[in-house]
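Trainee: Sharing run.cif (mmCIF, C-alpha atoms and all ligand atoms) below.
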data_target
#
loop_
_atom_site.group_PDB
_atom_site.id
_atom_site.type_symbol
_atom_site.label_atom_id
_atom_site.label_comp_id
_atom_site.auth_asym_id
_atom_site.auth_seq_id
_atom_site.Cartn_x
_atom_site.Cartn_y
_atom_site.Cartn_z
ATOM 1 C CA MET A 1 30.184 -19.614 18.568
ATOM 2 C CA LYS A 2 27.547 -17.021 17.897
ATOM 3 C CA MET A 3 27.068 -14.242 20.442
ATOM 4 C CA ILE A 4 23.723 -14.388 22.169
ATOM 5 C CA PRO A 5 22.115 -10.958 22.475
ATOM 6 C CA LYS A 6 21.629 -9.850 26.070
ATOM 7 C CA ILE A 7 18.128 -8.572 25.660
ATOM 8 C CA VAL A 8 15.712 -10.659 23.671
ATOM 9 C CA GLN A 9 12.371 -9.061 23.002
ATOM 10 C CA ALA A 10 10.252 -12.145 22.874
ATOM 11 C CA GLY A 11 7.580 -12.270 20.207
ATOM 12 C CA LYS A 12 8.520 -8.914 18.747
ATOM 13 C CA ASN A 13 8.789 -8.879 14.998
ATOM 14 C CA LEU A 14 11.505 -6.421 14.012
ATOM 15 C CA ALA A 15 10.200 -3.655 11.778
ATOM 16 C CA ILE A 16 12.920 -2.894 9.268
ATOM 17 C CA ILE A 17 11.031 0.322 8.458
ATOM 18 C CA ASP A 18 9.271 2.157 11.269
ATOM 19 C CA ILE A 19 7.681 5.480 10.360
ATOM 20 C CA LYS A 20 5.729 7.517 12.897
ATOM 21 C CA ASP A 21 3.505 10.462 12.087
ATOM 22 C CA ILE A 22 5.495 11.700 9.124
ATOM 23 C CA SER A 23 4.491 14.855 7.289
ATOM 24 C CA LYS A 24 6.091 16.497 4.288
ATOM 25 C CA ILE A 25 5.307 20.070 3.373
ATOM 26 C CA TYR A 26 6.534 21.658 0.172
ATOM 27 C CA ARG A 27 6.602 25.453 0.195
ATOM 28 C CA MET A 28 6.329 27.319 -3.084
ATOM 29 C CA GLY A 29 6.242 31.031 -2.326
ATOM 30 C CA ASP A 30 3.124 31.574 -0.236
ATOM 31 C CA ILE A 31 1.621 28.237 -1.115
ATOM 32 C CA GLU A 32 2.058 25.190 1.095
ATOM 33 C CA VAL A 33 1.537 21.707 -0.272
ATOM 34 C CA ARG A 34 1.090 19.043 2.368
ATOM 35 C CA ALA A 35 2.272 16.033 0.323
ATOM 36 C CA LEU A 36 2.227 13.698 3.348
ATOM 37 C CA ASP A 37 0.001 14.293 6.341
ATOM 38 C CA GLY A 38 0.688 12.172 9.429
ATOM 39 C CA VAL A 39 1.709 8.873 7.871
ATOM 40 C CA SER A 40 2.637 6.008 10.199
ATOM 41 C CA LEU A 41 3.800 2.700 8.773
ATOM 42 C CA GLU A 42 5.696 -0.377 9.881
ATOM 43 C CA ILE A 43 7.253 -2.712 7.367
ATOM 44 C CA SER A 44 8.777 -5.972 8.602
ATOM 45 C CA ASP A 45 11.795 -7.727 7.235
ATOM 46 C CA HIS A 46 10.908 -9.933 4.256
ATOM 47 C CA GLU A 47 7.663 -8.188 3.291
ATOM 48 C CA PHE A 48 6.507 -7.574 -0.278
ATOM 49 C CA ILE A 49 4.443 -4.406 0.005
ATOM 50 C CA CYS A 50 2.788 -2.316 -2.696
ATOM 51 C CA VAL A 51 1.880 1.368 -2.396
ATOM 52 C CA MET A 52 -1.121 2.449 -4.489
ATOM 53 C CA GLY A 53 -2.908 5.762 -4.937
ATOM 54 C CA ALA A 54 -3.997 8.331 -7.488
ATOM 55 C CA SER A 55 -1.551 10.710 -9.110
ATOM 56 C CA GLY A 56 -0.576 13.369 -6.551
ATOM 57 C CA SER A 57 -1.541 11.245 -3.521
ATOM 58 C CA GLY A 58 2.031 11.269 -2.180
ATOM 59 C CA LYS A 59 3.445 7.921 -3.385
ATOM 60 C CA SER A 60 6.725 9.285 -4.698
ATOM 61 C CA THR A 61 7.144 11.590 -1.711
ATOM 62 C CA LEU A 62 6.703 8.607 0.618
ATOM 63 C CA MET A 63 9.097 6.487 -1.458
ATOM 64 C CA ASN A 64 11.713 9.243 -1.474
ATOM 65 C CA ILE A 65 11.569 9.493 2.312
ATOM 66 C CA ILE A 66 11.558 5.748 2.931
ATOM 67 C CA GLY A 67 14.386 5.416 0.395
ATOM 68 C CA CYS A 68 16.464 8.099 2.157
ATOM 69 C CA LEU A 69 16.449 10.397 -0.879
ATOM 70 C CA ASP A 70 14.624 13.062 1.119
ATOM 71 C CA ARG A 71 13.749 13.958 4.729
ATOM 72 C CA PRO A 72 10.325 14.426 6.311
ATOM 73 C CA SER A 73 9.265 17.880 7.567
ATOM 74 C CA SER A 74 8.234 16.255 10.841
ATOM 75 C CA GLY A 75 7.861 12.813 12.365
ATOM 76 C CA SER A 76 10.351 10.022 12.935
ATOM 77 C CA TYR A 77 11.837 7.353 10.710
ATOM 78 C CA PHE A 78 13.762 4.357 12.009
ATOM 79 C CA LEU A 79 15.443 2.204 9.367
ATOM 80 C CA GLY A 80 16.800 -1.074 10.731
ATOM 81 C CA GLY A 81 16.494 0.376 14.245
ATOM 82 C CA LYS A 82 18.492 3.524 13.390
ATOM 83 C CA ASP A 83 16.917 6.995 13.459
ATOM 84 C CA VAL A 84 17.517 8.367 9.974
ATOM 85 C CA SER A 85 15.121 11.333 10.041
ATOM 86 C CA LYS A 86 17.780 13.798 11.180
ATOM 87 C CA LEU A 87 20.870 12.600 9.317
ATOM 88 C CA THR A 88 22.984 14.947 7.191
ATOM 89 C CA ASP A 89 22.944 14.583 3.391
ATOM 90 C CA GLN A 90 26.258 12.730 3.505
ATOM 91 C CA GLU A 91 25.071 10.288 6.185
ATOM 92 C CA LEU A 92 21.810 9.745 4.350
ATOM 93 C CA ALA A 93 23.723 8.963 1.150
ATOM 94 C CA GLU A 94 25.782 6.349 2.986
ATOM 95 C CA VAL A 95 22.696 4.658 4.432
ATOM 96 C CA ARG A 96 21.135 4.714 0.969
ATOM 97 C CA ASN A 97 24.161 3.163 -0.731
ATOM 98 C CA ARG A 98 24.494 0.386 1.807
ATOM 99 C CA GLN A 99 20.897 -0.525 2.521
ATOM 100 C CA ILE A 100 18.719 0.310 -0.445
ATOM 101 C CA GLY A 101 18.421 -0.711 -4.078
ATOM 102 C CA PHE A 102 16.288 1.400 -6.444
ATOM 103 C CA VAL A 103 14.396 0.417 -9.576
ATOM 104 C CA PHE A 104 12.648 3.112 -11.650
ATOM 105 C CA GLN A 105 9.986 3.143 -14.341
ATOM 106 C CA THR A 106 12.455 4.535 -16.876
ATOM 107 C CA PHE A 107 15.314 2.139 -15.968
ATOM 108 C CA ASN A 108 17.858 5.026 -15.650
ATOM 109 C CA LEU A 109 20.736 3.133 -17.265
ATOM 110 C CA LEU A 110 23.781 4.879 -18.731
ATOM 111 C CA PRO A 111 23.458 4.406 -22.512
ATOM 112 C CA ARG A 112 27.103 4.269 -23.564
ATOM 113 C CA ILE A 113 28.357 1.501 -21.301
ATOM 114 C CA SER A 114 27.656 -2.227 -21.156
ATOM 115 C CA ALA A 115 25.067 -3.910 -18.943
ATOM 116 C CA ARG A 116 27.879 -5.223 -16.733
ATOM 117 C CA ARG A 117 29.400 -1.767 -16.219
ATOM 118 C CA ASN A 118 25.968 -0.312 -15.455
ATOM 119 C CA VAL A 119 25.534 -2.950 -12.769
ATOM 120 C CA GLU A 120 29.013 -2.203 -11.378
ATOM 121 C CA LEU A 121 28.237 1.510 -10.852
ATOM 122 C CA PRO A 122 26.921 1.344 -7.244
ATOM 123 C CA LEU A 123 30.131 -0.462 -6.254
ATOM 124 C CA ILE A 124 32.461 2.297 -7.446
ATOM 125 C CA TYR A 125 32.385 4.051 -4.065
ATOM 126 C CA SER A 126 32.509 0.886 -1.993
ATOM 127 C CA GLY A 127 36.257 0.307 -2.275
ATOM 128 C CA TYR A 128 36.089 -2.897 -4.313
ATOM 129 C CA SER A 129 38.816 -3.707 -6.836
ATOM 130 C CA ALA A 130 37.888 -3.814 -10.539
ATOM 131 C CA LYS A 131 38.071 -7.616 -10.411
ATOM 132 C CA GLU A 132 35.737 -7.844 -7.412
ATOM 133 C CA ARG A 133 33.298 -5.403 -9.015
ATOM 134 C CA ARG A 134 33.164 -7.500 -12.146
ATOM 135 C CA LYS A 135 32.560 -10.668 -10.158
ATOM 136 C CA LEU A 136 29.722 -9.107 -8.119
ATOM 137 C CA ALA A 137 28.147 -7.581 -11.241
ATOM 138 C CA ASP A 138 28.254 -10.931 -13.042
ATOM 139 C CA GLU A 139 26.616 -12.620 -10.045
ATOM 140 C CA ALA A 140 23.843 -10.003 -10.018
ATOM 141 C CA LEU A 141 23.304 -10.431 -13.765
ATOM 142 C CA GLU A 142 23.059 -14.174 -13.216
ATOM 143 C CA ARG A 143 20.319 -13.625 -10.617
ATOM 144 C CA VAL A 144 18.230 -11.805 -13.222
ATOM 145 C CA GLU A 145 19.132 -14.385 -15.911
ATOM 146 C CA LEU A 146 21.009 -11.994 -18.150
ATOM 147 C CA SER A 147 24.531 -13.431 -18.065
ATOM 148 C CA ASP A 148 24.492 -13.805 -21.831
ATOM 149 C CA ARG A 149 23.858 -10.067 -22.324
ATOM 150 C CA ALA A 150 26.534 -8.685 -19.993
ATOM 151 C CA ASP A 151 28.502 -7.038 -22.809
ATOM 152 C CA HIS A 152 25.477 -5.470 -24.516
ATOM 153 C CA LYS A 153 24.712 -1.766 -24.248
ATOM 154 C CA PRO A 154 21.191 -0.714 -23.160
ATOM 155 C CA ASN A 155 20.066 0.131 -26.725
ATOM 156 C CA GLU A 156 20.947 -3.434 -27.743
ATOM 157 C CA LEU A 157 18.470 -4.795 -25.184
ATOM 158 C CA SER A 158 14.673 -5.036 -25.025
ATOM 159 C CA GLY A 159 12.669 -3.020 -22.459
ATOM 160 C CA GLY A 160 12.296 -6.052 -20.184
ATOM 161 C CA GLN A 161 16.008 -6.823 -20.430
ATOM 162 C CA ARG A 162 16.882 -3.216 -19.595
ATOM 163 C CA GLN A 163 14.685 -3.369 -16.521
ATOM 164 C CA ARG A 164 16.411 -6.608 -15.494
ATOM 165 C CA VAL A 165 19.803 -4.856 -15.814
ATOM 166 C CA ALA A 166 18.412 -2.086 -13.573
ATOM 167 C CA ILE A 167 17.251 -4.723 -11.069
ATOM 168 C CA ALA A 168 20.704 -6.356 -11.129
ATOM 169 C CA ARG A 169 22.207 -2.903 -10.446
ATOM 170 C CA ALA A 170 19.810 -2.483 -7.503
ATOM 171 C CA LEU A 171 20.811 -5.894 -6.114
ATOM 172 C CA VAL A 172 24.576 -5.682 -6.566
ATOM 173 C CA ASN A 173 25.206 -4.045 -3.161
ATOM 174 C CA ASN A 174 23.129 -6.724 -1.463
ATOM 175 C CA PRO A 175 20.682 -4.147 -0.036
ATOM 176 C CA SER A 176 18.259 -4.784 2.838
ATOM 177 C CA ILE A 177 15.384 -3.373 0.804
ATOM 178 C CA LEU A 178 14.519 -3.226 -2.860
ATOM 179 C CA PHE A 179 12.453 -0.145 -3.836
ATOM 180 C CA ALA A 180 10.636 -0.023 -7.149
ATOM 181 C CA ASP A 181 8.653 3.003 -8.401
ATOM 182 C CA GLU A 182 6.277 1.850 -11.192
ATOM 183 C CA PRO A 183 8.755 -0.809 -12.411
ATOM 184 C CA THR A 184 6.363 -2.142 -15.068
ATOM 185 C CA GLY A 185 5.003 1.255 -16.161
ATOM 186 C CA ASN A 186 6.925 1.262 -19.449
ATOM 187 C CA LEU A 187 6.517 -2.437 -20.251
ATOM 188 C CA ASP A 188 3.860 -4.470 -22.074
ATOM 189 C CA SER A 189 1.781 -6.937 -20.018
ATOM 190 C CA ARG A 190 3.850 -10.038 -20.712
ATOM 191 C CA THR A 191 7.147 -8.298 -19.987
ATOM 192 C CA GLY A 192 5.609 -6.768 -16.857
ATOM 193 C CA LEU A 193 4.601 -10.255 -15.723
ATOM 194 C CA ASN A 194 8.157 -11.435 -16.333
ATOM 195 C CA ILE A 195 9.434 -8.667 -14.054
ATOM 196 C CA MET A 196 6.817 -9.633 -11.422
ATOM 197 C CA ALA A 197 7.968 -13.272 -11.678
ATOM 198 C CA LEU A 198 11.512 -12.055 -11.009
ATOM 199 C CA PHE A 199 10.376 -9.954 -8.006
ATOM 200 C CA GLN A 200 8.475 -12.921 -6.569
ATOM 201 C CA ARG A 201 11.558 -15.135 -7.009
ATOM 202 C CA LEU A 202 13.787 -12.528 -5.298
ATOM 203 C CA HIS A 203 11.235 -12.196 -2.504
ATOM 204 C CA ASN A 204 11.199 -15.979 -2.040
ATOM 205 C CA GLN A 205 14.993 -15.829 -1.767
ATOM 206 C CA GLY A 206 14.679 -13.334 1.091
ATOM 207 C CA SER A 207 14.445 -9.829 -0.391
ATOM 208 C CA THR A 208 12.214 -7.180 1.210
ATOM 209 C CA ILE A 209 10.392 -5.365 -1.598
ATOM 210 C CA VAL A 210 8.541 -2.025 -1.537
ATOM 211 C CA MET A 211 6.848 -1.272 -4.849
ATOM 212 C CA VAL A 212 4.770 1.686 -6.064
ATOM 213 C CA THR A 213 2.211 0.930 -8.749
ATOM 214 C CA HIS A 214 -1.164 2.263 -9.838
ATOM 215 C CA GLU A 215 -2.140 -1.035 -11.495
ATOM 216 C CA MET A 216 -4.136 -3.403 -9.322
ATOM 217 C CA ASP A 217 -3.139 -6.522 -11.311
ATOM 218 C CA ILE A 218 0.521 -5.680 -10.651
ATOM 219 C CA ALA A 219 -0.049 -4.870 -6.963
ATOM 220 C CA LEU A 220 -1.677 -8.290 -6.463
ATOM 221 C CA HIS A 221 1.744 -9.923 -6.847
ATOM 222 C CA GLY A 222 2.703 -8.468 -3.470
ATOM 223 C CA LYS A 223 1.548 -9.583 -0.035
ATOM 224 C CA ARG A 224 0.222 -6.315 1.342
ATOM 225 C CA ILE A 225 -1.235 -3.177 -0.228
ATOM 226 C CA ILE A 226 -1.120 0.336 1.248
ATOM 227 C CA HIS A 227 -3.581 2.846 -0.229
ATOM 228 C CA LEU A 228 -2.635 6.523 -0.137
ATOM 229 C CA ARG A 229 -5.097 9.374 -0.595
ATOM 230 C CA ASP A 230 -4.268 13.077 -0.187
ATOM 231 C CA GLY A 231 -1.089 12.265 1.701
ATOM 232 C CA ARG A 232 -2.742 9.915 4.182
ATOM 233 C CA ILE A 233 -2.988 6.159 4.446
ATOM 234 C CA HIS A 234 -6.625 5.209 4.014
ATOM 235 C CA GLY A 235 -6.197 1.480 3.538
ATOM 236 C CA ASP A 236 -3.768 -1.249 4.570
ATOM 237 C CA GLU A 237 -4.770 -4.720 3.452
ATOM 238 C CA LYS A 238 -3.314 -8.168 3.186
ATOM 239 C CA VAL A 239 -3.521 -9.611 -0.338
ATOM 240 C CA LYS A 240 -5.869 -12.567 -0.039
ATOM 241 C CA SER A 241 -5.506 -14.257 -3.408
ATOM 242 C CA ARG A 242 -2.013 -13.489 -4.548
ATOM 243 C CA ALA A 243 -1.162 -13.579 -8.240
ATOM 244 C CA ASP A 244 1.605 -16.041 -9.133
ATOM 245 C CA ALA A 245 3.343 -14.468 -12.142
ATOM 246 C CA GLU A 246 5.158 -17.669 -13.165
ATOM 247 C CA LEU A 247 1.879 -19.591 -13.172
ATOM 248 C CA ILE A 248 0.052 -16.905 -15.145
ATOM 249 C CA LEU A 249 2.873 -16.744 -17.693
ATOM 250 C CA ASN A 250 2.816 -20.521 -18.139
ATOM 251 C CA SER A 251 -0.933 -20.708 -18.529
ATOM 252 C CA LEU A 252 -0.937 -17.844 -21.043
ATOM 253 C CA ALA A 253 2.169 -18.955 -22.920
ATOM 254 C CA ASP A 254 0.307 -19.694 -26.143
ATOM 255 C CA LEU A 255 -1.488 -16.311 -26.297
ATOM 256 C CA SER A 256 -0.296 -13.558 -28.599
ATOM 257 C CA THR A 257 0.828 -10.349 -26.879
ATOM 258 C CA GLN A 258 -2.397 -8.615 -27.938
ATOM 259 C CA ASP A 259 -4.628 -11.438 -26.652
ATOM 260 C CA LEU A 260 -2.680 -11.376 -23.403
ATOM 261 C CA GLU A 261 -3.254 -7.604 -22.994
ATOM 262 C CA GLU A 262 -6.988 -8.169 -23.456
ATOM 263 C CA ALA A 263 -7.098 -11.133 -21.099
ATOM 264 C CA MET A 264 -5.242 -9.135 -18.428
ATOM 265 C CA GLN A 265 -7.586 -6.179 -18.770
ATOM 266 C CA ARG A 266 -10.669 -8.354 -18.459
ATOM 267 C CA HIS A 267 -9.080 -10.198 -15.553
ATOM 268 C CA THR A 268 -8.195 -7.143 -13.465
ATOM 269 C CA PRO A 269 -10.280 -7.519 -10.297
ATOM 270 C CA ALA A 270 -11.550 -4.933 -7.832
ATOM 271 C CA LYS A 271 -12.522 -2.435 -10.469
ATOM 272 C CA GLY A 272 -13.857 -0.068 -7.808
ATOM 273 C CA ALA A 273 -10.548 -0.020 -5.983
ATOM 274 C CA ALA A 274 -8.594 0.265 -9.211
ATOM 275 C CA ASP A 275 -10.637 3.232 -10.482
ATOM 276 C CA GLU A 276 -9.183 5.720 -8.066
ATOM 277 C CA ASP A 277 -5.665 4.650 -8.981
ATOM 278 C CA SER A 278 -5.501 6.498 -12.245
HETATM 279 N N1 LIG B 1 9.222 19.182 -5.128
HETATM 280 C C1 LIG B 1 7.932 19.514 -4.962
HETATM 281 N N2 LIG B 1 7.561 20.801 -4.757
HETATM 282 C C2 LIG B 1 6.285 21.145 -4.568
HETATM 283 N N3 LIG B 1 5.262 20.267 -4.541
HETATM 284 C C3 LIG B 1 5.555 18.978 -4.745
HETATM 285 C C4 LIG B 1 6.907 18.523 -4.963
HETATM 286 N N4 LIG B 1 6.882 17.180 -5.122
HETATM 287 C C5 LIG B 1 5.592 16.807 -5.020
HETATM 288 N N5 LIG B 1 4.803 17.867 -4.778
HETATM 289 C C6 LIG B 1 3.336 17.840 -4.574
HETATM 290 O O1 LIG B 1 3.074 16.923 -3.520
HETATM 291 C C7 LIG B 1 1.927 16.124 -3.809
HETATM 292 C C8 LIG B 1 2.311 14.644 -3.843
HETATM 293 O O2 LIG B 1 3.180 14.404 -4.947
HETATM 294 P P1 LIG B 1 3.814 12.990 -5.280
HETATM 295 O O3 LIG B 1 4.398 12.407 -4.042
HETATM 296 O O4 LIG B 1 4.735 13.141 -6.437
HETATM 297 O O5 LIG B 1 2.529 12.123 -5.695
HETATM 298 P P2 LIG B 1 2.410 10.771 -6.545
HETATM 299 O O6 LIG B 1 3.757 10.149 -6.653
HETATM 300 O O7 LIG B 1 1.437 9.926 -5.790
HETATM 301 O O8 LIG B 1 1.851 11.166 -7.875
HETATM 302 C C9 LIG B 1 1.393 16.636 -5.120
HETATM 303 O O9 LIG B 1 0.377 17.582 -4.857
HETATM 304 C C10 LIG B 1 2.595 17.311 -5.765
HETATM 305 O O10 LIG B 1 2.171 18.335 -6.624
HETATM 306 MG MG MG B 2 4.886 9.553 -8.399
#
When written as structure tokens, how does the structure in this file appear?

Mentor:
Amino acid sequence: MKMIPKIVQAGKNLAIIDIKDISKIYRMGDIEVRALDGVSLEISDHEFICVMGASGSGKSTLMNIIGCLDRPSSGSYFLGGKDVSKLTDQELAEVRNRQIGFVFQTFNLLPRISARRNVELPLIYSGYSAKERRKLADEALERVELSDRADHKPNELSGGQRQRVAIARALVNNPSILFADEPTGNLDSRTGLNIMALFQRLHNQGSTIVMVTHEMDIALHGKRIIHLRDGRIHGDEKVKSRADAELILNSLADLSTQDLEEAMQRHTPAKGAADEDS
């Protein structure tokens, strides 16, 4: 029988990420750069949230703090109810390995080893046997529909396939949150849409996704958009008409890649909002 918790906070939606009044100051000699300036943010379990903002607005700094790669200068950060703002490097690394999967613009795969071994890497420190690692890696590759490329090295794969290997690597530890910093930045429109279709599928299966992008048509695949400007949040909106990547891909299936690029550019809504996101 399942244990019933003693205290039930009725009607309270658990924030998996709860940031209060976070600032980050970089000091370079006499110069201070306030990269984040009093940011507060709650992200619930099972959200799909996009962070937008111009270059230098603090997106990566915020991602690095939320992703436990760095600490704030001040303010508090609770991840899954645990205060992580004052952990040591070692403790932070453990939280990161257990709870968070990262996807980067440049894929960050090791070039000399197979897709499967790339996906196995985060498991090396988790005490799994080689056989268990292989099984988990193959399951993750199946989730991104790349089982037939498991033995290929990164340079034998297309850009979209490489990004899917990176996503499998991010998923292999079964993290609470998937973080993606400009995941489609190095991909053409169709391949980017394929990656968005994969993110939407993972989200439907229960993943919490936090994604940085400066492209409005990519951000519209999420459910909520945070706008950063000069290290502060100046907008937090629910996405009203969400883009369905699978649907778009199907309806544009007969277009050439070039026609698709043009159609996407003409289709990008909210030009005013997109302008500041250079
Ligand atoms: N390690 C660092 N040292 C000094 N300044 C930094 C460092 N990282 C970022 N900054 C500064 O902090 C601000 C925010 O940077 P960043 O978070 O990378 O923005 P974004 O990802 O939105 O382009 C910028 O002014 C940047 O120059
Ligand atoms: Mg950045």

Trainee: Taking (14.4, -1.3, 12.6) as a centre in this file's frame and 9 Å as the limit, can you find every polymer residue with an atom that close, using only C-alpha atoms, and give them as a VMD selection string?

Mentor: chain A and resid 14 to 18 43 to 45 78 to 83

Trainee: Return as number ranges by chain every polymer residue, whether protein, DNA or RNA, with at least one atom no more than 7 Å from an atom of ligand MG 2 (chain B); count only C-alpha atoms and all ligand atoms.

Mentor: A: 55-56, 59-60

Trainee: Can you write just those residues out, C-alpha atoms, as a PDB file, in the coordinates of the input?

Mentor:
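Once everything was written out, this is selection.pdb:
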ATOM      1  CA  SER A  55      -1.551  10.710  -9.110  1.00  0.00           C
ATOM      2  CA  GLY A  56      -0.576  13.369  -6.551  1.00  0.00           C
ATOM      3  CA  LYS A  59       3.445   7.921  -3.385  1.00  0.00           C
ATOM      4  CA  SER A  60       6.725   9.285  -4.698  1.00  0.00           C
TER       5      SER A  60
END

Trainee: What's around Lys20 (chain A) at 9 Å? Count all atoms listed in the file, leave out sequence neighbours fewer than 4 positions away in its own chain, and write the answer as a count of residues only.

Mentor: 9

Trainee: May I have the residues within 9 Å of ligand LIG 1 (chain B), computed using only C-alpha atoms and all ligand atoms, as a ChimeraX atom specification?

Mentor: /A:24-28,32-36,52-64,181,212,228-231

Trainee: Pick the closest to Lys223 (chain A) from A:Ile49, A:Asp236, A:Pro154, A:Ser23: which is it, counting only C-alpha atoms?

Mentor: A:Ile49

Trainee: Which residues fall under the PyMOL selection byres (((chain A and resi 208) around 10) and not hetatm) in this file, as an mmCIF file with C-alpha atoms, keeping the file's coordinate frame?

Mentor:
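Saved file result-v3.cif follows:
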data_model
loop_
_atom_site.group_PDB
_atom_site.id
_atom_site.type_symbol
_atom_site.label_atom_id
_atom_site.label_comp_id
_atom_site.auth_asym_id
_atom_site.auth_seq_id
_atom_site.Cartn_x
_atom_site.Cartn_y
_atom_site.Cartn_z
ATOM 1 C CA ILE A 16 12.920 -2.894 9.268
ATOM 2 C CA ILE A 43 7.253 -2.712 7.367
ATOM 3 C CA SER A 44 8.777 -5.972 8.602
ATOM 4 C CA ASP A 45 11.795 -7.727 7.235
ATOM 5 C CA HIS A 46 10.908 -9.933 4.256
ATOM 6 C CA GLU A 47 7.663 -8.188 3.291
ATOM 7 C CA PHE A 48 6.507 -7.574 -0.278
ATOM 8 C CA ILE A 49 4.443 -4.406 0.005
ATOM 9 C CA PRO A 175 20.682 -4.147 -0.036
ATOM 10 C CA SER A 176 18.259 -4.784 2.838
ATOM 11 C CA ILE A 177 15.384 -3.373 0.804
ATOM 12 C CA LEU A 178 14.519 -3.226 -2.860
ATOM 13 C CA PHE A 179 12.453 -0.145 -3.836
ATOM 14 C CA PHE A 199 10.376 -9.954 -8.006
ATOM 15 C CA LEU A 202 13.787 -12.528 -5.298
ATOM 16 C CA HIS A 203 11.235 -12.196 -2.504
ATOM 17 C CA ASN A 204 11.199 -15.979 -2.040
ATOM 18 C CA GLN A 205 14.993 -15.829 -1.767
ATOM 19 C CA GLY A 206 14.679 -13.334 1.091
ATOM 20 C CA SER A 207 14.445 -9.829 -0.391
ATOM 21 C CA ILE A 209 10.392 -5.365 -1.598
ATOM 22 C CA VAL A 210 8.541 -2.025 -1.537
#

Trainee: Could you work out how far CA of Val239 (chain A) lies from CA of Leu220 (chain A), giving the answer in Å with one decimal?

Mentor: 6.5 Å

Trainee: Using all atoms listed in the file, I'd like a table of the residues in region 113-138 of chain A that come within 10 Å of region 98-102 of chain A; for each, show the closest atom pair and its distance in Å rounded to one decimal, ordered by chain and ascending number, as a tab-separated table.

Mentor:
residue	atom	partner	partner_atom	distance
A:Pro122	CA	A:Gly101	CA	9.3
A:Leu123	CA	A:Arg98	CA	9.9
A:Ser126	CA	A:Arg98	CA	8.9

Trainee: From the options A:Leu249, A:Leu92, A:Ala180, A:Ile22, which residue's atoms come nearest to Met264 (chain A), counting all atoms listed in the file?

Mentor: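 Closest to Met264 (chain A), using all atoms listed in the file: A:Leu249.
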
Trainee: Using only C-alpha atoms, can you tell me which of A:Arg224, A:Arg149, A:Glu215, A:Asn155 comes closest to Ser241 (chain A)?

Mentor: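 Selected residue with least distance to Ser241 (chain A): A:Arg224.
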
Trainee: Could you check the closest approach to Ala150 (chain A) for each of A:Gln163, A:Ser114, A:Thr191, A:Thr106 and tell me which residue wins, using only C-alpha atoms?

Mentor: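 Nearest to Ala150 (chain A): A:Ser114.
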
Trainee: Which residue, A:Asp188, A:Glu142, A:Glu246, A:Asp254, has the smallest gap to Gly159 (chain A) when you use all atoms listed in the file?

Mentor: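 Using all atoms listed in the file, the shortest distance to Gly159 (chain A) belongs to A:Asp188.
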
Trainee: Out of A:Ala166, A:Ile226, A:Ile233, A:His214, which residue has the shortest atom-to-atom distance to Val103 (chain A) when counting all atoms listed in the file?

Mentor: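 Ranked by minimum distance to Val103 (chain A), first place goes to A:Ala166.
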
Trainee: When you draw a straight line from CA of Arg116 (chain A) to CA of Met211 (chain A), how long is it in Å?

Mentor: 24.5 Å

Trainee: I would like the residues chosen by the PyMOL selection byres (((chain A and resi 151) around 12) and not hetatm) on the shown file; could you give them as a PDB file with C-alpha atoms, in the frame of the given file?

Mentor:
ATOM      1  CA  ARG A 112      27.103   4.269 -23.564  1.00  0.00           C
ATOM      2  CA  ILE A 113      28.357   1.501 -21.301  1.00  0.00           C
ATOM      3  CA  SER A 114      27.656  -2.227 -21.156  1.00  0.00           C
ATOM      4  CA  ALA A 115      25.067  -3.910 -18.943  1.00  0.00           C
ATOM      5  CA  ARG A 116      27.879  -5.223 -16.733  1.00  0.00           C
ATOM      6  CA  ARG A 117      29.400  -1.767 -16.219  1.00  0.00           C
ATOM      7  CA  ASN A 118      25.968  -0.312 -15.455  1.00  0.00           C
ATOM      8  CA  VAL A 119      25.534  -2.950 -12.769  1.00  0.00           C
ATOM      9  CA  ARG A 134      33.164  -7.500 -12.146  1.00  0.00           C
ATOM     10  CA  ALA A 137      28.147  -7.581 -11.241  1.00  0.00           C
ATOM     11  CA  ASP A 138      28.254 -10.931 -13.042  1.00  0.00           C
ATOM     12  CA  LEU A 141      23.304 -10.431 -13.765  1.00  0.00           C
ATOM     13  CA  LEU A 146      21.009 -11.994 -18.150  1.00  0.00           C
ATOM     14  CA  SER A 147      24.531 -13.431 -18.065  1.00  0.00           C
ATOM     15  CA  ASP A 148      24.492 -13.805 -21.831  1.00  0.00           C
ATOM     16  CA  ARG A 149      23.858 -10.067 -22.324  1.00  0.00           C
ATOM     17  CA  ALA A 150      26.534  -8.685 -19.993  1.00  0.00           C
ATOM     18  CA  HIS A 152      25.477  -5.470 -24.516  1.00  0.00           C
ATOM     19  CA  LYS A 153      24.712  -1.766 -24.248  1.00  0.00           C
ATOM     20  CA  PRO A 154      21.191  -0.714 -23.160  1.00  0.00           C
ATOM     21  CA  ASN A 155      20.066   0.131 -26.725  1.00  0.00           C
ATOM     22  CA  GLU A 156      20.947  -3.434 -27.743  1.00  0.00           C
ATOM     23  CA  LEU A 157      18.470  -4.795 -25.184  1.00  0.00           C
ATOM     24  CA  VAL A 165      19.803  -4.856 -15.814  1.00  0.00           C
TER      25      VAL A 165
END

Trainee: Between CA of Gly222 (chain A) and CA of Gly160 (chain A), what is the distance in Å, rounded to a tenth?

Mentor: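 Going from CA of Gly222 (chain A) over to CA of Gly160 (chain A) covers 19.4 Å.
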
Trainee: Give me, as a PyMOL selection string, all polymer residues having an atom no more than 12 Å from Asp89 (chain A), counting only C-alpha atoms and skipping those fewer than 6 positions away in the same chain.

Mentor: chain A and resi 68-71+95-96

Trainee: Hey, could you pull the box centre and edge lengths for region 253-258 of chain A, axis-aligned, 8 Å padding per side, all listed atoms, to one decimal in Å, as lines of an AutoDock Vina configuration file?

Mentor:
center_x = -0.1
center_y = -14.2
center_z = -25.8
size_x = 20.6
size_y = 27.1
size_z = 21.7
